[in-house]
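Student: This structure is in structure tokens; I'll ask about it shortly.
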Amino acid sequence: MNSLGMRPRGKFIVFEGIDGSGKSTQIKMIAKRIQDLNLKVYPTFEPTAGPIGSLIRQMLSGKIKTDQRTLASLFAADRMDHLVNEVDGIQKKVDGGELVICDRYYFSSYAYHAQYMDMEWVIHANSLNAEILRPDLTVFIDVEPEKCFERIKNNRSDFEMYEKIDIMKNVRINYLKAFEHFKNLEKIAVIDGNNSMEQVADALFHEVMKTINPG
Ligand code: ADP
Ligand code: TYD
């Protein structure tokens, strides 16, 4: 509690990167390190495990056919539910003082859907989400697309819609364009993710702690 008897606002930190860049591996490692400091962390991800997220996953696997505009709109709707739903919405958690770490958020939409439509359209489609909650920090785990492709190939028998090398290269370029576009509005850190898991975890932990304990 602070001097006014109010719980201080928590933090919202987002991990971004192309498929196979190590986001989920790193979120697990960081969550463990933070918990070892006796701090609480709530890890979460998009697309969510909720009804809209499940529909999205069926589209990504090709089980349900869709149009890219519909898919981009569903991601924005899934994100709104992720933010504001009454049970485990991110907004309430952050307002209640929790540290939320999310695997993907609106920069994923900017990077993936700008392959098929104007990035401005995607930014506009997510503007209500951005109004509700901008991350305190977005970390981009930057890994060479060839490396990510190898990692995915070695670990999976089925591939989703975007897991192709040319698409991964385009998505990385779109991420960098989006970061440039928002450099004055968003707090973004680019981390070299080509190194060993432990080295990447050290760099990420350093960056994340600066946001948790500023000054
Ligand atoms: P993402 O969540 O970004 O798709 P994952 O964390 O699932 O990526 O990692 C994809 C694969 O790459 C996993 O098999 C994981 O064990 C492996 N991996 C993750 N980070 C590294 C790393 N720094 N070096 C080598 N392999 C890694
Ligand atoms: P995810 O389960 O995070 O895949 P991975 O662990 O392999 O990175 O995300 C599934 C796919 O959804 C991934 O290819 C990125 C894509 N995606 C979008 O196209 N738009 C979005 O807004 C989000 C959040 C994800």
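By convention here, the chains of the structure tokens are called A, B, ... in the order presented, each chain's residues are numbered starting at 1, and ligands are numbered starting at 1 in the order presented.
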Name the residues, by chain letter and number, that sit within 6 Å of ligand 2 using only C-alpha atoms and all ligand atoms, and give them as a short mmCIF file (atom, residue, chain, number, x, y, z; two decimals) with N, CA, C and O atoms, in the first residue's frame.
Tutor:
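Below is the file part_29.cif, written as the result:
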```
data_model
loop_
_atom_site.label_atom_id
_atom_site.label_comp_id
_atom_site.auth_asym_id
_atom_site.auth_seq_id
_atom_site.Cartn_x
_atom_site.Cartn_y
_atom_site.Cartn_z
N ASP A 19 7.92 -16.24 -34.81
CA ASP A 19 7.69 -17.61 -34.33
C ASP A 19 9.04 -18.29 -34.08
O ASP A 19 9.92 -18.22 -34.94
N GLY A 20 9.19 -18.94 -32.95
CA GLY A 20 10.42 -19.68 -32.66
C GLY A 20 11.54 -18.81 -32.10
O GLY A 20 12.67 -19.29 -31.92
N GLU A 46 -1.17 -14.39 -26.07
CA GLU A 46 -2.14 -14.21 -27.16
C GLU A 46 -1.64 -14.97 -28.40
O GLU A 46 -0.44 -14.99 -28.63
N PRO A 47 -2.53 -15.56 -29.21
CA PRO A 47 -3.96 -15.63 -29.00
C PRO A 47 -4.27 -16.36 -27.69
O PRO A 47 -3.57 -17.28 -27.31
N PHE A 75 -8.20 -11.05 -33.93
CA PHE A 75 -7.08 -10.85 -32.98
C PHE A 75 -7.33 -9.61 -32.13
O PHE A 75 -7.06 -9.61 -30.92
N ARG A 104 3.16 -11.84 -26.65
CA ARG A 104 2.52 -11.16 -27.79
C ARG A 104 1.42 -10.19 -27.33
O ARG A 104 0.66 -10.47 -26.42
N TYR A 105 1.34 -9.07 -28.09
CA TYR A 105 0.28 -8.07 -27.88
C TYR A 105 0.13 -7.34 -29.22
O TYR A 105 0.42 -7.93 -30.27
N TYR A 106 -0.25 -6.06 -29.21
CA TYR A 106 -0.62 -5.47 -30.51
C TYR A 106 0.52 -5.33 -31.52
O TYR A 106 0.26 -5.30 -32.72
N SER A 108 2.40 -7.64 -32.38
CA SER A 108 2.27 -8.86 -33.21
C SER A 108 1.28 -8.61 -34.34
O SER A 108 1.51 -9.01 -35.48
N SER A 109 0.18 -7.94 -34.00
CA SER A 109 -0.81 -7.65 -35.05
C SER A 109 -0.21 -6.75 -36.12
O SER A 109 -0.38 -6.99 -37.32
N TYR A 112 2.37 -8.98 -38.19
CA TYR A 112 1.87 -10.11 -38.98
C TYR A 112 0.84 -9.67 -40.01
O TYR A 112 0.87 -10.12 -41.16
N TYR A 162 1.82 -19.01 -40.51
CA TYR A 162 2.91 -18.04 -40.70
C TYR A 162 4.30 -18.65 -40.56
O TYR A 162 5.28 -17.92 -40.56
#
```
Student: Would you give me, as CSV, each residue of chain A having an atom within 6 Å of an atom of ligand 1, along with its shortest atom pair and that distance in Å to one decimal, using only C-alpha atoms and all ligand atoms and sorting by chain and residue number?
Tutor:
```
residue,atom,partner,partner_atom_place_in_ligand_line,distance
A:Asp19,CA,ligand 1,4 (O),4.2
A:Gly20,CA,ligand 1,4 (O),3.5
A:Ser21,CA,ligand 1,3 (O),4.0
A:Gly22,CA,ligand 1,6 (O),3.3
A:Lys23,CA,ligand 1,3 (O),3.7
A:Ser24,CA,ligand 1,2 (O),3.8
A:Thr25,CA,ligand 1,6 (O),3.7
A:Arg151,CA,ligand 1,12 (O),4.7
A:Ile152,CA,ligand 1,11 (C),5.8
A:Asn155,CA,ligand 1,14 (O),5.6
A:Asn195,CA,ligand 1,23 (N),5.3
A:Ser196,CA,ligand 1,23 (N),4.2
A:Met197,CA,ligand 1,23 (N),3.6
```
Student: Would you output that residue set with all heavy atoms, as a compact mmCIF listing (two decimals), in the first residue's frame?
Tutor:
```
# COMPACT_ATOMS: atom_id res chain seq x y z
N ASP A 19 7.92 -16.24 -34.81
CA ASP A 19 7.69 -17.61 -34.33
C ASP A 19 9.04 -18.29 -34.08
O ASP A 19 9.92 -18.22 -34.94
CB ASP A 19 6.90 -18.42 -35.36
CG ASP A 19 5.52 -17.84 -35.61
OD1 ASP A 19 5.42 -16.68 -36.04
OD2 ASP A 19 4.53 -18.56 -35.39
N GLY A 20 9.19 -18.94 -32.95
CA GLY A 20 10.42 -19.68 -32.66
C GLY A 20 11.54 -18.81 -32.10
O GLY A 20 12.67 -19.29 -31.92
N SER A 21 11.25 -17.55 -31.79
CA SER A 21 12.31 -16.66 -31.29
C SER A 21 12.64 -16.93 -29.82
O SER A 21 13.62 -16.40 -29.31
CB SER A 21 11.91 -15.19 -31.49
OG SER A 21 10.67 -14.93 -30.86
N GLY A 22 11.80 -17.71 -29.16
CA GLY A 22 12.11 -18.08 -27.77
C GLY A 22 11.26 -17.35 -26.74
O GLY A 22 11.59 -17.35 -25.55
N LYS A 23 10.16 -16.76 -27.16
CA LYS A 23 9.32 -16.00 -26.23
C LYS A 23 8.81 -16.85 -25.07
O LYS A 23 8.97 -16.48 -23.91
CB LYS A 23 8.11 -15.38 -26.95
CG LYS A 23 8.45 -14.34 -27.99
CD LYS A 23 7.22 -13.80 -28.68
CE LYS A 23 6.31 -14.86 -29.27
NZ LYS A 23 6.92 -15.90 -30.10
N SER A 24 8.20 -18.00 -25.40
CA SER A 24 7.61 -18.77 -24.30
C SER A 24 8.69 -19.36 -23.40
O SER A 24 8.52 -19.39 -22.17
CB SER A 24 6.63 -19.84 -24.79
OG SER A 24 7.08 -20.44 -25.94
N THR A 25 9.82 -19.77 -23.98
CA THR A 25 10.95 -20.27 -23.17
C THR A 25 11.41 -19.17 -22.21
O THR A 25 11.59 -19.40 -21.01
CB THR A 25 12.15 -20.61 -24.10
OG1 THR A 25 11.71 -21.53 -25.09
CG2 THR A 25 13.32 -21.17 -23.34
N ARG A 151 14.74 -24.02 -35.55
CA ARG A 151 14.24 -24.41 -34.22
C ARG A 151 12.85 -25.02 -34.33
O ARG A 151 12.55 -26.03 -33.71
CB ARG A 151 14.17 -23.19 -33.30
CG ARG A 151 15.52 -22.66 -32.86
CD ARG A 151 15.26 -21.48 -31.92
NE ARG A 151 16.46 -20.76 -31.56
CZ ARG A 151 16.47 -19.60 -30.91
NH1 ARG A 151 15.31 -19.03 -30.58
NH2 ARG A 151 17.58 -19.00 -30.61
N ILE A 152 11.99 -24.37 -35.13
CA ILE A 152 10.60 -24.86 -35.26
C ILE A 152 10.59 -26.21 -35.96
O ILE A 152 9.90 -27.15 -35.55
CB ILE A 152 9.75 -23.84 -36.05
CG1 ILE A 152 9.59 -22.55 -35.25
CG2 ILE A 152 8.37 -24.41 -36.34
CD1 ILE A 152 8.92 -21.44 -36.04
N ASN A 155 11.28 -29.19 -33.93
CA ASN A 155 10.40 -29.47 -32.80
C ASN A 155 8.95 -29.73 -33.15
O ASN A 155 8.16 -30.03 -32.27
CB ASN A 155 10.46 -28.30 -31.80
CG ASN A 155 11.75 -28.32 -31.04
OD1 ASN A 155 11.96 -29.19 -30.21
ND2 ASN A 155 12.64 -27.40 -31.38
N ASN A 195 21.70 -15.78 -29.07
CA ASN A 195 22.64 -16.44 -28.15
C ASN A 195 21.97 -17.59 -27.39
O ASN A 195 20.81 -17.90 -27.63
CB ASN A 195 23.20 -15.40 -27.18
CG ASN A 195 23.88 -14.27 -27.93
OD1 ASN A 195 24.59 -14.52 -28.90
ND2 ASN A 195 23.64 -13.05 -27.50
N SER A 196 22.72 -18.15 -26.44
CA SER A 196 22.18 -19.29 -25.66
C SER A 196 20.99 -18.80 -24.82
O SER A 196 20.86 -17.61 -24.53
CB SER A 196 23.25 -19.85 -24.73
OG SER A 196 23.46 -18.95 -23.66
N MET A 197 20.15 -19.75 -24.42
CA MET A 197 18.96 -19.40 -23.61
C MET A 197 19.36 -18.60 -22.36
O MET A 197 18.70 -17.63 -22.02
CB MET A 197 18.23 -20.67 -23.18
CG MET A 197 17.52 -21.37 -24.30
SD MET A 197 16.67 -22.82 -23.67
CE MET A 197 16.38 -23.73 -25.17
```
Student: Hey, what's within 12 Å of Phe179 of chain A if we count only C-alpha atoms and toss same-chain stuff fewer than 5 positions away? As a ChimeraX atom specification, please?
Tutor: /A:16,106-108,110-111,138-140,172-174,184-190
Student: Which is closer to Lys153 of chain A than all the others in A:Arg57, A:Ile191, A:Ile165, A:Leu71, using only C-alpha atoms?
Tutor: A:Ile165
Student: Apply DSSP to the backbone of this structure and, from segment 79-184 of chain A, keep only the residues in helix (DSSP H, G or I); write these as a ChimeraX atom specification.
Tutor: /A:79-84,90-95,106-113,119-125,127-132,145-155,165-181
